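What's in entry-v8.tsv: TSV, C-alpha atoms (C1' of nucleotides) and all ligand atoms
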chain	number	residue	atom	x	y	z
A	208	MET	CA	28.96	39.17	3.66
A	209	SER	CA	28.06	36.62	1.01
A	210	ASN	CA	25.13	34.28	1.48
A	211	VAL	CA	27.54	31.43	1.87
A	212	GLN	CA	29.52	33.19	4.58
A	213	ALA	CA	26.32	34.21	6.35
A	214	SER	CA	25.16	30.61	6.31
A	215	ILE	CA	28.44	29.37	7.72
A	216	LYS	CA	28.32	31.95	10.48
A	217	GLN	CA	24.74	31.08	11.33
A	218	ALA	CA	25.51	27.37	11.26
A	219	ASP	CA	28.37	27.96	13.66
A	220	GLN	CA	26.09	29.92	15.96
A	221	HIS	CA	23.45	27.19	15.76
A	222	CYS	CA	25.98	24.56	16.75
A	223	ARG	CA	27.24	26.54	19.72
A	224	GLU	CA	23.69	26.94	20.97
A	225	HIS	CA	23.15	23.19	20.66
A	226	GLY	CA	26.31	22.30	22.51
A	227	VAL	CA	28.03	20.76	19.52
A	228	ARG	CA	31.00	21.92	17.51
A	229	LEU	CA	31.20	23.01	13.89
A	230	THR	CA	34.80	21.92	13.43
A	231	ASP	CA	36.95	23.03	10.52
A	232	LYS	CA	36.34	19.82	8.59
A	233	ARG	CA	32.60	20.04	9.16
A	234	LYS	CA	32.65	23.67	8.15
A	235	GLN	CA	34.53	22.83	4.98
A	236	VAL	CA	32.12	20.07	3.98
A	237	LEU	CA	29.16	22.36	4.59
A	238	LEU	CA	30.95	25.10	2.65
A	239	SER	CA	31.42	22.70	-0.25
A	240	LEU	CA	27.70	22.00	-0.41
A	241	LEU	CA	26.83	25.68	-0.07
A	242	GLN	CA	29.27	26.75	-2.77
A	243	SER	CA	28.40	24.05	-5.27
A	244	GLU	CA	24.72	24.95	-5.00
A	245	LYS	CA	23.61	21.47	-5.91
A	246	ALA	CA	23.19	18.01	-4.50
A	247	MET	CA	26.37	15.94	-4.30
A	248	SER	CA	27.10	12.36	-3.38
A	249	ALA	CA	29.52	11.60	-0.55
A	250	TYR	CA	32.17	10.58	-3.06
A	251	GLU	CA	31.61	13.67	-5.17
A	252	LEU	CA	32.24	15.62	-1.99
A	253	VAL	CA	35.48	13.71	-1.45
A	254	ASP	CA	36.63	14.88	-4.88
A	255	TYR	CA	35.33	18.42	-4.41
A	256	TYR	CA	37.04	18.67	-1.04
A	257	LYS	CA	40.33	17.52	-2.51
A	258	ALA	CA	40.10	20.03	-5.36
A	259	GLU	CA	38.96	22.88	-3.12
A	260	PHE	CA	41.15	22.44	-0.06
A	261	GLY	CA	44.16	20.61	-1.47
A	262	GLU	CA	44.06	17.80	1.03
A	263	SER	CA	42.06	14.62	0.85
A	264	MET	CA	39.38	13.52	3.28
A	265	PRO	CA	38.55	9.83	3.60
A	266	PRO	CA	35.01	8.86	2.52
A	267	MET	CA	34.34	7.56	6.03
A	268	SER	CA	34.92	11.04	7.43
A	269	VAL	CA	32.68	12.60	4.82
A	270	TYR	CA	29.87	10.23	5.74
A	271	ARG	CA	30.32	10.93	9.42
A	272	ILE	CA	30.34	14.65	8.87
A	273	LEU	CA	27.26	14.44	6.64
A	274	ASP	CA	25.49	12.50	9.40
A	275	PHE	CA	26.40	15.22	11.86
A	276	LEU	CA	25.25	17.99	9.55
A	277	GLN	CA	21.97	16.17	8.94
A	278	GLU	CA	21.33	15.81	12.64
A	279	GLU	CA	21.79	19.55	12.99
A	280	HIS	CA	19.44	20.12	10.03
A	281	LEU	CA	22.18	21.91	8.15
A	282	VAL	CA	22.16	19.36	5.36
A	283	HIS	CA	19.52	17.04	3.94
A	284	LYS	CA	19.90	13.66	2.32
A	285	LEU	CA	17.94	12.95	-0.83
A	286	ASN	CA	17.06	9.28	-0.55
A	287	SER	CA	16.02	8.91	-4.15
A	288	THR	CA	19.42	9.93	-5.49
A	289	ASN	CA	21.76	9.19	-2.58
A	290	LYS	CA	22.93	12.77	-2.61
A	291	TYR	CA	23.25	15.50	-0.03
A	292	VAL	CA	22.21	19.14	-0.25
A	293	SER	CA	22.68	22.07	2.09
A	294	CYS	CA	19.57	23.23	3.87
A	295	SER	CA	18.16	26.43	2.44
A	296	HIS	CA	16.90	27.56	5.83
A	297	ILE	CA	20.22	27.80	7.62
A	298	THR	CA	19.95	31.55	8.01
A	299	CYS	CA	16.33	31.40	9.16
A	300	ASP	CA	15.30	31.71	12.77
A	301	HIS	CA	12.32	29.36	12.75
A	302	ASP	CA	12.51	25.71	13.71
A	303	HIS	CA	13.04	23.40	10.80
A	304	GLU	CA	9.91	21.59	9.67
A	305	ILE	CA	9.92	18.63	7.32
A	306	THR	CA	10.25	19.99	3.81
A	307	GLN	CA	9.85	18.74	0.27
A	308	PHE	CA	12.45	18.64	-2.47
A	309	LEU	CA	12.07	19.48	-6.13
A	310	ILE	CA	14.87	17.83	-8.05
A	311	CYS	CA	15.64	18.91	-11.61
A	312	GLY	CA	16.26	15.75	-13.59
A	313	GLU	CA	18.20	17.73	-16.17
A	314	CYS	CA	20.68	19.92	-14.25
A	315	GLN	CA	20.38	18.29	-10.81
A	316	SER	CA	19.54	21.55	-9.08
A	317	VAL	CA	17.37	21.16	-6.01
A	318	LYS	CA	14.78	23.45	-4.45
A	319	GLU	CA	13.66	22.92	-0.88
A	320	ILE	CA	10.06	24.01	-0.37
A	321	ASN	CA	7.17	23.82	2.04
A	322	ILE	CA	4.05	22.49	0.40
A	323	ASN	CA	0.76	24.03	1.58
A	324	LYS	CA	-0.48	22.53	4.78
A	325	SER	CA	-3.85	21.95	3.13
A	326	THR	CA	-2.26	19.99	0.31
A	327	ILE	CA	-0.31	17.85	2.74
A	328	GLU	CA	-3.54	17.22	4.64
A	329	ALA	CA	-5.32	16.19	1.45
A	330	LEU	CA	-2.46	13.82	0.79
A	331	GLN	CA	-2.71	12.48	4.30
A	332	ASN	CA	-6.43	11.85	3.89
A	333	ASN	CA	-5.78	9.88	0.72
A	334	ILE	CA	-3.24	7.79	2.56
A	335	GLU	CA	-5.51	7.15	5.55
A	336	GLU	CA	-8.22	5.98	3.17
A	337	ALA	CA	-5.75	3.41	1.93
A	338	GLY	CA	-5.23	2.21	5.48
A	339	PHE	CA	-1.75	3.63	5.90
A	340	HIS	CA	-0.45	6.43	8.08
A	341	LEU	CA	1.99	9.03	6.77
A	342	VAL	CA	5.07	9.17	8.97
A	343	SER	CA	7.20	11.72	7.15
A	344	PRO	CA	6.03	14.09	4.42
A	345	GLN	CA	9.56	14.52	3.05
A	346	LEU	CA	8.70	14.16	-0.62
A	347	GLU	CA	11.34	14.08	-3.32
A	348	MET	CA	9.85	14.94	-6.64
A	349	ASN	CA	11.20	14.45	-10.10
A	350	CYS	CA	10.91	17.85	-11.80
A	351	LEU	CA	12.43	20.22	-14.30
A	352	CYS	CA	13.67	23.61	-13.13
A	353	GLU	CA	12.94	26.94	-14.81
A	354	ASN	CA	16.09	26.80	-16.87
A	355	CYS	CA	15.52	23.26	-18.07
A	356	ILE	CA	11.82	23.39	-18.96
B	275	MET	CA	-6.80	-19.99	-9.60
B	276	SER	CA	-4.78	-18.05	-7.02
B	277	ASN	CA	-4.21	-14.34	-7.39
B	278	VAL	CA	-0.58	-15.03	-8.10
B	279	GLN	CA	-1.36	-17.50	-10.86
B	280	ALA	CA	-3.94	-15.15	-12.33
B	281	SER	CA	-1.34	-12.38	-12.37
B	282	ILE	CA	1.22	-14.58	-14.08
B	283	LYS	CA	-1.30	-15.62	-16.70
B	284	GLN	CA	-2.35	-12.03	-17.33
B	285	ALA	CA	1.29	-10.90	-17.48
B	286	ASP	CA	1.96	-13.58	-20.07
B	287	GLN	CA	-1.03	-12.45	-22.11
B	288	HIS	CA	0.10	-8.81	-21.83
B	289	CYS	CA	3.56	-9.69	-23.11
B	290	ARG	CA	2.20	-11.64	-26.08
B	291	GLU	CA	0.05	-8.67	-27.05
B	292	HIS	CA	3.08	-6.41	-26.88
B	293	GLY	CA	5.25	-8.66	-28.99
B	294	VAL	CA	7.65	-9.52	-26.18
B	295	ARG	CA	8.20	-12.76	-24.34
B	296	LEU	CA	7.65	-13.60	-20.71
B	297	THR	CA	10.36	-16.23	-20.57
B	298	ASP	CA	10.67	-18.77	-17.78
B	299	LYS	CA	13.31	-16.74	-15.96
B	300	ARG	CA	11.27	-13.57	-16.24
B	301	LYS	CA	8.21	-15.43	-15.07
B	302	GLN	CA	10.11	-16.78	-12.07
B	303	VAL	CA	11.40	-13.37	-11.05
B	304	LEU	CA	7.92	-11.90	-11.32
B	305	LEU	CA	6.56	-14.88	-9.41
B	306	SER	CA	9.09	-14.23	-6.65
B	307	LEU	CA	7.91	-10.65	-6.25
B	308	LEU	CA	4.25	-11.68	-6.36
B	309	GLN	CA	4.71	-14.45	-3.80
B	310	SER	CA	6.84	-12.47	-1.36
B	311	GLU	CA	4.23	-9.70	-1.31
B	312	LYS	CA	6.80	-7.07	-0.50
B	313	ALA	CA	9.49	-4.95	-2.04
B	314	MET	CA	12.82	-6.69	-2.55
B	315	SER	CA	16.23	-5.54	-3.67
B	316	ALA	CA	17.85	-7.15	-6.69
B	317	TYR	CA	20.21	-9.08	-4.44
B	318	GLU	CA	17.40	-10.18	-2.17
B	319	LEU	CA	15.78	-11.56	-5.31
B	320	VAL	CA	18.98	-13.43	-6.17
B	321	ASP	CA	18.76	-15.14	-2.77
B	322	TYR	CA	15.03	-15.71	-2.99
B	323	TYR	CA	15.37	-17.18	-6.46
B	324	LYS	CA	18.08	-19.55	-5.28
B	325	ALA	CA	15.99	-20.69	-2.32
B	326	GLU	CA	12.80	-21.02	-4.34
B	327	PHE	CA	14.03	-22.56	-7.58
B	328	GLY	CA	17.16	-24.34	-6.46
B	329	GLU	CA	19.40	-22.78	-9.06
B	330	SER	CA	21.22	-19.50	-8.87
B	331	MET	CA	20.67	-16.52	-11.15
B	332	PRO	CA	23.46	-13.97	-11.58
B	333	PRO	CA	22.68	-10.46	-10.30
B	334	MET	CA	23.23	-9.09	-13.78
B	335	SER	CA	20.37	-11.22	-15.08
B	336	VAL	CA	18.12	-10.16	-12.25
B	337	TYR	CA	18.75	-6.50	-13.05
B	338	ARG	CA	18.07	-7.07	-16.74
B	339	ILE	CA	14.89	-8.96	-16.02
B	340	LEU	CA	13.75	-6.27	-13.58
B	341	ASP	CA	14.36	-3.67	-16.30
B	342	PHE	CA	12.26	-5.69	-18.69
B	343	LEU	CA	9.45	-6.15	-16.18
B	344	GLN	CA	9.50	-2.43	-15.42
B	345	GLU	CA	9.22	-1.54	-19.09
B	346	GLU	CA	6.17	-3.75	-19.29
B	347	HIS	CA	4.74	-2.10	-16.15
B	348	LEU	CA	4.65	-5.46	-14.39
B	349	VAL	CA	7.08	-4.31	-11.72
B	350	HIS	CA	7.91	-0.93	-10.21
B	351	LYS	CA	11.18	0.31	-8.80
B	352	LEU	CA	11.07	2.23	-5.53
B	353	ASN	CA	13.81	4.81	-5.96
B	354	SER	CA	13.92	5.77	-2.30
B	355	THR	CA	14.80	2.25	-1.17
B	356	ASN	CA	16.32	0.68	-4.29
B	357	LYS	CA	13.79	-2.09	-4.15
B	358	TYR	CA	11.35	-3.59	-6.59
B	359	VAL	CA	7.70	-4.48	-6.13
B	360	SER	CA	5.21	-6.24	-8.37
B	361	CYS	CA	2.54	-4.00	-9.85
B	362	SER	CA	-0.81	-4.40	-8.16
B	363	HIS	CA	-2.66	-3.71	-11.42
B	364	ILE	CA	-1.39	-6.64	-13.44
B	365	THR	CA	-4.82	-8.22	-13.64
B	366	CYS	CA	-6.54	-4.93	-14.52
B	367	ASP	CA	-7.53	-4.02	-18.05
B	368	HIS	CA	-6.93	-0.28	-17.90
B	369	ASP	CA	-3.74	1.38	-19.03
B	370	HIS	CA	-1.25	1.92	-16.26
B	371	GLU	CA	-1.06	5.47	-14.97
B	372	ILE	CA	1.73	6.76	-12.77
B	373	THR	CA	0.94	5.70	-9.24
B	374	GLN	CA	2.09	6.48	-5.72
B	375	PHE	CA	3.62	4.13	-3.19
B	376	LEU	CA	3.00	3.88	0.52
B	377	ILE	CA	5.93	2.13	2.13
B	378	CYS	CA	5.63	0.77	5.66
B	379	GLY	CA	8.84	1.62	7.45
B	380	GLU	CA	8.23	-1.17	9.93
B	381	CYS	CA	7.35	-4.29	7.91
B	382	GLN	CA	8.34	-3.07	4.43
B	383	SER	CA	4.96	-3.82	2.93
B	384	VAL	CA	4.02	-1.55	0.05
B	385	LYS	CA	0.68	-0.32	-1.19
B	386	GLU	CA	0.33	1.09	-4.69
B	387	ILE	CA	-2.38	3.75	-4.86
B	388	ASN	CA	-3.77	6.49	-7.05
B	389	ILE	CA	-3.92	9.77	-5.22
B	390	ASN	CA	-6.88	12.02	-6.09
B	391	LYS	CA	-6.35	13.97	-9.26
B	392	SER	CA	-7.28	17.15	-7.39
B	393	THR	CA	-4.61	16.53	-4.76
B	394	ILE	CA	-1.98	15.93	-7.42
B	395	GLU	CA	-3.08	19.15	-9.12
B	396	ALA	CA	-2.76	21.06	-5.85
B	397	LEU	CA	0.71	19.62	-5.51
B	398	GLN	CA	1.52	20.63	-9.05
B	399	ASN	CA	0.37	24.19	-8.38
B	400	ASN	CA	2.64	24.37	-5.36
B	401	ILE	CA	5.52	23.23	-7.49
B	402	GLU	CA	4.80	25.65	-10.32
B	403	GLU	CA	4.74	28.49	-7.79
B	404	ALA	CA	8.26	27.46	-6.85
B	405	GLY	CA	9.29	27.73	-10.49
B	406	PHE	CA	9.63	24.01	-11.11
B	407	HIS	CA	7.60	21.64	-13.24
B	408	LEU	CA	6.56	18.22	-12.01
B	409	VAL	CA	7.70	15.55	-14.46
B	410	SER	CA	6.59	12.39	-12.68
B	411	PRO	CA	4.11	12.22	-9.83
B	412	GLN	CA	5.46	8.85	-8.66
B	413	LEU	CA	5.61	9.66	-4.96
B	414	GLU	CA	7.13	7.28	-2.48
B	415	MET	CA	5.94	7.98	1.02
B	416	ASN	CA	7.31	6.85	4.33
B	417	CYS	CA	4.32	5.39	6.20
B	418	LEU	CA	3.16	2.80	8.68
B	419	CYS	CA	0.68	0.17	7.55
B	420	GLU	CA	-2.46	-0.86	9.46
B	421	ASN	CA	-0.69	-3.68	11.24
B	422	CYS	CA	2.26	-1.56	12.29
B	423	ILE	CA	0.48	1.58	13.48
C	300	DG	C1'	16.16	-29.00	-41.39
C	301	DA	C1'	20.53	-25.96	-41.66
C	302	DA	C1'	22.06	-21.11	-41.87
C	303	DT	C1'	21.30	-16.65	-40.15
C	304	DG	C1'	20.17	-12.87	-37.20
C	305	DA	C1'	17.83	-11.27	-33.11
C	306	DT	C1'	16.86	-11.86	-28.36
C	307	DA	C1'	18.03	-13.59	-23.86
C	308	DT	C1'	21.15	-15.18	-20.40
C	309	DG	C1'	25.79	-16.16	-18.28
C	310	DA	C1'	30.32	-14.80	-16.56
C	311	DT	C1'	33.61	-11.58	-15.12
C	312	DA	C1'	35.24	-7.35	-13.80
C	313	DC	C1'	34.70	-3.15	-11.86
C	314	DA	C1'	32.43	1.33	-10.34
C	315	DA	C1'	29.69	3.68	-6.90
C	316	DC	C1'	27.66	3.85	-2.44
C	317	DA	C1'	27.95	2.73	2.47
C	318	DT	C1'	29.32	0.67	7.03
C	319	DA	C1'	32.22	-1.80	10.66
C	320	DT	C1'	36.07	-1.54	13.47
C	321	DC	C1'	40.11	-0.21	15.55
C	322	DA	C1'	43.89	3.38	15.87
C	323	DT	C1'	45.23	8.09	16.45
C	324	DT	C1'	44.53	12.91	17.20
C	325	DT	C1'	42.20	16.80	19.14
C	326	DT	C1'	39.41	18.98	22.58
C	327	DA	C1'	37.30	19.86	27.06
C	328	DA	C1'	37.25	19.15	31.76
C	329	DA	C1'	39.07	17.93	36.18
D	284	DT	C1'	48.96	17.82	33.58
D	285	DT	C1'	46.21	13.91	33.63
D	286	DT	C1'	42.07	11.99	31.92
D	287	DA	C1'	37.87	11.17	29.37
D	288	DA	C1'	35.20	12.30	25.51
D	289	DA	C1'	34.80	13.66	20.87
D	290	DA	C1'	36.54	13.82	16.26
D	291	DT	C1'	39.15	12.05	12.58
D	292	DG	C1'	42.13	8.61	10.07
D	293	DA	C1'	43.08	4.08	8.14
D	294	DT	C1'	41.74	-0.27	6.56
D	295	DA	C1'	38.72	-3.69	5.33
D	296	DT	C1'	34.50	-5.21	3.77
D	297	DG	C1'	29.58	-5.15	2.50
D	298	DT	C1'	25.97	-3.48	-0.74
D	299	DT	C1'	24.14	-1.74	-5.04
D	300	DG	C1'	24.61	-1.25	-9.83
D	301	DT	C1'	26.88	-1.15	-14.67
D	302	DA	C1'	30.04	-2.42	-18.61
D	303	DT	C1'	31.41	-5.78	-21.64
D	304	DC	C1'	32.10	-9.82	-23.92
D	305	DA	C1'	30.75	-14.77	-24.37
D	306	DT	C1'	27.26	-18.23	-24.89
D	307	DA	C1'	22.67	-20.03	-25.42
D	308	DT	C1'	18.06	-19.87	-27.14
D	309	DC	C1'	14.55	-18.64	-30.38
D	310	DA	C1'	12.47	-17.21	-34.87
D	311	DT	C1'	12.91	-16.62	-39.77
D	312	DT	C1'	14.41	-17.67	-44.30
D	313	DC	C1'	16.31	-20.52	-47.59
E	501	ZN	ZN	16.15	22.44	5.28
E	502	ZN	ZN	17.45	22.20	-14.33
E	503	ZN	ZN	1.49	-0.58	-11.02
E	504	ZN	ZN	3.77	-2.59	8.36
Now, as a test, write the supplied structure out as structure tokens.
Ligand SMILES: [Zn+2]
Ligand SMILES: [Zn+2]
Ligand SMILES: [Zn+2]
Ligand SMILES: [Zn+2]
Amino acid sequence: MSNVQASIKQADQHCREHGVRLTDKRKQVLLSLLQSEKAMSAYELVDYYKAEFGESMPPMSVYRILDFLQEEHLVHKLNSTNKYVSCSHITCDHDHEITQFLICGECQSVKEININKSTIEALQNNIEEAGFHLVSPQLEMNCLCENCI
Amino acid sequence: MSNVQASIKQADQHCREHGVRLTDKRKQVLLSLLQSEKAMSAYELVDYYKAEFGESMPPMSVYRILDFLQEEHLVHKLNSTNKYVSCSHITCDHDHEITQFLICGECQSVKEININKSTIEALQNNIEEAGFHLVSPQLEMNCLCENCI
DNA sequence: GAATGATATGATACAACATATCATTTTAAA
DNA sequence: TTTAAAATGATATGTTGTATCATATCATTC
């Protein structure tokens, strides 16, 4: 079974366990993000969906489905680019922690990573010194990937 | 002289030295950001400008002026929120390094800080291990400020 | 000071991103 | 099979940002 198919299967399983449904439309949107292997905007997904599945899905539905997929931690939204990317931990067992995103400014590929706890703590200390309190360590960092360096 | 007036004066001086002009409109947009003491969207600035100066400025002009002010490092754009904030180092002599932004999710106040070089390096190491290269360490972090904790 | 070119701003249209609201369809449960 | 909840569709509108061409302002040269 391909990685994509394994992810879909696991996502389906995850949804069942959480008492929610991975409907066909939701599955297809998730599949689109998994296949494309990059971050896409809601409207890019509308186009991709049309090209891939032959029928069109209204933007409103795409947004709703993306909201659902985010709530289930199957998809993440990149706030800095207004794009959505499939979670790279769908097939993992562990609970989903808050992760960080490395975004290639050249080819738009995205890598979801966990930064060292000690580094996050150092960051947190810096922030506390400034009189603020870090709420969410979801960092989105402007990078270049291996291919684009 | 108030902090705001000192910043305007210094910004004007900076522009002269760089062979560009801090025109009245540009000065007024910068003044708006300095006075408001928080991050504002371009359209919020259109409204603020209208309320403050009695005449309206087209959004297109606001965007162009914000671009100009960014190039001169007098204003920063927060990519995660699509808002703009005046630089807190306008009255400093030193060159402007890339800074980090602590954004209060409650009251929208923003603090511009320099995170420890060692922490940034630790971050960079994490990123290199993931096969990416950090291009810009402008981090925008979701926080709570002292008043909102 | 008038002619000229460069810079700055205005006006209009439109593209891209996102939400509000009500209607219809599908699903699950009684 | 009726009913309620959940999911999706359709339509309108709000928000953010850019493209493009016109006009105004400023600086330089003659
Ligand atoms: Zn994830
Ligand atoms: Zn790349
Ligand atoms: Zn600054
Ligand atoms: Zn606050």
Subject >> Residues near stretch 299-308 of chain D, cut-off 8 Å, only C-alpha atoms (C1' of nucleotides), skip fewer than 5 positions along chain, as a count of residues only >> reply: 7
**OP:** Go through A:Ala249, A:Cys222, A:Ile305, A:Leu240 one by one, measure the shortest atom-to-atom distance of each to ligand ZN 501 (chain E) using all atoms listed in the file, and give the residue with the smallest value.
**Re:**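 Of the candidates, the smallest distance to ligand ZN 501 (chain E) is held by A:Ile305.
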Original post:
Counting only C-alpha atoms (C1' of nucleotides) and all ligand atoms, which protein, DNA or RNA residues come within 9 Å of ligand ZN 504 (chain E), given as an MDAnalysis selection string?
Top reply: (chainID A and resid 339) or (chainID B and resid 377:384 417:423)
**OP:** Identify all chain B residues at most 7 Å from chain A by counting all atoms listed in the file; ligands do not count. Present them as a list in words.
**Re:**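 Residues satisfying the distance criterion: Asn353, Ser354, Ile389, Thr393, Ala396, Leu397, Asn400, Gly405, Phe406, His407, Leu408, Val409, Ser410, Leu413, Met415, Asn416, Cys417, Leu418, Cys419 and Glu420 of chain B.
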Original post:
So which one's closest to D:DT298, B:Glu291, B:Asp298, B:Glu311, B:Glu318? Using all atoms listed in the file, please.
Top reply: B:Glu318
**OP:** When you get a sec, could you note down which chain B residues fall within 9 Å of chain C, using all atoms listed in the file, as a PyMOL selection string?
**Re:** chain B and resi 297+331-332+334-335
**OP:** Pick out the chain D residues within 10 Å of chain A. Count all atoms listed in the file. Give them as a list in words.
**Re:**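 Here they are: DA289, DA290, DT291, DG292 and DA293 of chain D.
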For the selection you just gave me, I'd like the residues written to a file as a PDB file, in the frame of the given file, keeping C-alpha atoms (C1' of nucleotides).
ATOM      1  C1'  DA D 289      34.800  13.660  20.870  1.00  0.00           C
ATOM      2  C1'  DA D 290      36.540  13.820  16.260  1.00  0.00           C
ATOM      3  C1'  DT D 291      39.150  12.050  12.580  1.00  0.00           C
ATOM      4  C1'  DG D 292      42.130   8.610  10.070  1.00  0.00           C
ATOM      5  C1'  DA D 293      43.080   4.080   8.140  1.00  0.00           C
TER       6       DA D 293
END
7 Å from ligand ZN 501 (chain E) is the threshold here; counting all atoms listed in the file, which polymer residues fall inside it? Answer as a PDB file with C-alpha atoms, in the coordinates of the input.
ATOM      1  CA  HIS A 280      19.440  20.120  10.030  1.00  0.00           C
ATOM      2  CA  LEU A 281      22.180  21.910   8.150  1.00  0.00           C
ATOM      3  CA  VAL A 282      22.160  19.360   5.360  1.00  0.00           C
ATOM      4  CA  HIS A 283      19.520  17.040   3.940  1.00  0.00           C
ATOM      5  CA  CYS A 294      19.570  23.230   3.870  1.00  0.00           C
ATOM      6  CA  SER A 295      18.160  26.430   2.440  1.00  0.00           C
ATOM      7  CA  HIS A 296      16.900  27.560   5.830  1.00  0.00           C
ATOM      8  CA  HIS A 303      13.040  23.400  10.800  1.00  0.00           C
ATOM      9  CA  THR A 306      10.250  19.990   3.810  1.00  0.00           C
ATOM     10  CA  GLU A 319      13.660  22.920  -0.880  1.00  0.00           C
TER      11      GLU A 319
END
**OP:** Quote the spacing between atom CA of B:Asp369 and atom CA of B:Arg300 in Å to one decimal place.
**Re:** 21.4 Å
Original post:
What gap, in Å, lies between atom CA of A:Phe275 and atom CA of A:Lys324?
Top reply: 28.7 Å
**OP:** Would you mind reading off the distance between atom ZN of ligand ZN 502 (chain E) and atom CA of A:His301, one decimal, in Å?
**Re:** 28.5 Å
Hey, could you patch up stretch 388-394 of chain B with all heavy atoms and hand it over as a PDB file, keeping the file's coordinate frame?
ATOM      1  N   ASN B 388      -3.597   5.304  -6.221  1.00  0.00           N
ATOM      2  CA  ASN B 388      -3.770   6.490  -7.050  1.00  0.00           C
ATOM      3  C   ASN B 388      -4.279   7.615  -6.160  1.00  0.00           C
ATOM      4  O   ASN B 388      -5.393   7.532  -5.632  1.00  0.00           O
ATOM      5  CB  ASN B 388      -4.783   6.237  -8.164  1.00  0.00           C
ATOM      6  CG  ASN B 388      -4.164   5.523  -9.334  1.00  0.00           C
ATOM      7  OD1 ASN B 388      -4.251   4.303  -9.417  1.00  0.00           O
ATOM      8  ND2 ASN B 388      -3.513   6.260 -10.209  1.00  0.00           N
ATOM      9  N   ILE B 389      -3.479   8.624  -5.994  1.00  0.00           N
ATOM     10  CA  ILE B 389      -3.920   9.770  -5.220  1.00  0.00           C
ATOM     11  C   ILE B 389      -4.898  10.589  -6.072  1.00  0.00           C
ATOM     12  O   ILE B 389      -4.754  10.671  -7.293  1.00  0.00           O
ATOM     13  CB  ILE B 389      -2.703  10.608  -4.787  1.00  0.00           C
ATOM     14  CG1 ILE B 389      -1.991   9.868  -3.658  1.00  0.00           C
ATOM     15  CG2 ILE B 389      -3.096  12.012  -4.370  1.00  0.00           C
ATOM     16  CD1 ILE B 389      -0.737  10.523  -3.183  1.00  0.00           C
ATOM     17  N   ASN B 390      -5.886  11.181  -5.399  1.00  0.00           N
ATOM     18  CA  ASN B 390      -6.880  12.020  -6.090  1.00  0.00           C
ATOM     19  C   ASN B 390      -6.230  12.959  -7.091  1.00  0.00           C
ATOM     20  O   ASN B 390      -5.240  13.602  -6.780  1.00  0.00           O
ATOM     21  CB  ASN B 390      -7.585  12.958  -5.084  1.00  0.00           C
ATOM     22  CG  ASN B 390      -8.536  12.211  -4.202  1.00  0.00           C
ATOM     23  OD1 ASN B 390      -8.933  11.103  -4.534  1.00  0.00           O
ATOM     24  ND2 ASN B 390      -8.878  12.823  -3.084  1.00  0.00           N
ATOM     25  N   LYS B 391      -6.855  13.061  -8.238  1.00  0.00           N
ATOM     26  CA  LYS B 391      -6.350  13.970  -9.260  1.00  0.00           C
ATOM     27  C   LYS B 391      -6.260  15.391  -8.711  1.00  0.00           C
ATOM     28  O   LYS B 391      -5.320  16.119  -8.990  1.00  0.00           O
ATOM     29  CB  LYS B 391      -7.279  13.924 -10.480  1.00  0.00           C
ATOM     30  CG  LYS B 391      -6.586  14.279 -11.773  1.00  0.00           C
ATOM     31  CD  LYS B 391      -7.460  13.948 -12.979  1.00  0.00           C
ATOM     32  CE  LYS B 391      -6.760  14.371 -14.272  1.00  0.00           C
ATOM     33  NZ  LYS B 391      -7.599  14.168 -15.458  1.00  0.00           N
ATOM     34  N   SER B 392      -7.258  15.769  -7.917  1.00  0.00           N
ATOM     35  CA  SER B 392      -7.280  17.150  -7.390  1.00  0.00           C
ATOM     36  C   SER B 392      -6.113  17.394  -6.453  1.00  0.00           C
ATOM     37  O   SER B 392      -5.542  18.483  -6.420  1.00  0.00           O
ATOM     38  CB  SER B 392      -8.604  17.417  -6.673  1.00  0.00           C
ATOM     39  OG  SER B 392      -8.746  16.536  -5.572  1.00  0.00           O
ATOM     40  N   THR B 393      -5.744  16.372  -5.679  1.00  0.00           N
ATOM     41  CA  THR B 393      -4.610  16.530  -4.760  1.00  0.00           C
ATOM     42  C   THR B 393      -3.304  16.658  -5.538  1.00  0.00           C
ATOM     43  O   THR B 393      -2.454  17.488  -5.216  1.00  0.00           O
ATOM     44  CB  THR B 393      -4.527  15.329  -3.795  1.00  0.00           C
ATOM     45  OG1 THR B 393      -5.779  15.167  -3.135  1.00  0.00           O
ATOM     46  CG2 THR B 393      -3.424  15.530  -2.783  1.00  0.00           C
ATOM     47  N   ILE B 394      -3.183  15.840  -6.572  1.00  0.00           N
ATOM     48  CA  ILE B 394      -1.980  15.930  -7.420  1.00  0.00           C
ATOM     49  C   ILE B 394      -1.906  17.310  -8.065  1.00  0.00           C
ATOM     50  O   ILE B 394      -0.831  17.920  -8.145  1.00  0.00           O
ATOM     51  CB  ILE B 394      -2.006  14.840  -8.524  1.00  0.00           C
ATOM     52  CG1 ILE B 394      -1.905  13.444  -7.889  1.00  0.00           C
ATOM     53  CG2 ILE B 394      -0.875  15.064  -9.520  1.00  0.00           C
ATOM     54  CD1 ILE B 394      -0.556  13.092  -7.333  1.00  0.00           C
TER      55      ILE B 394
END
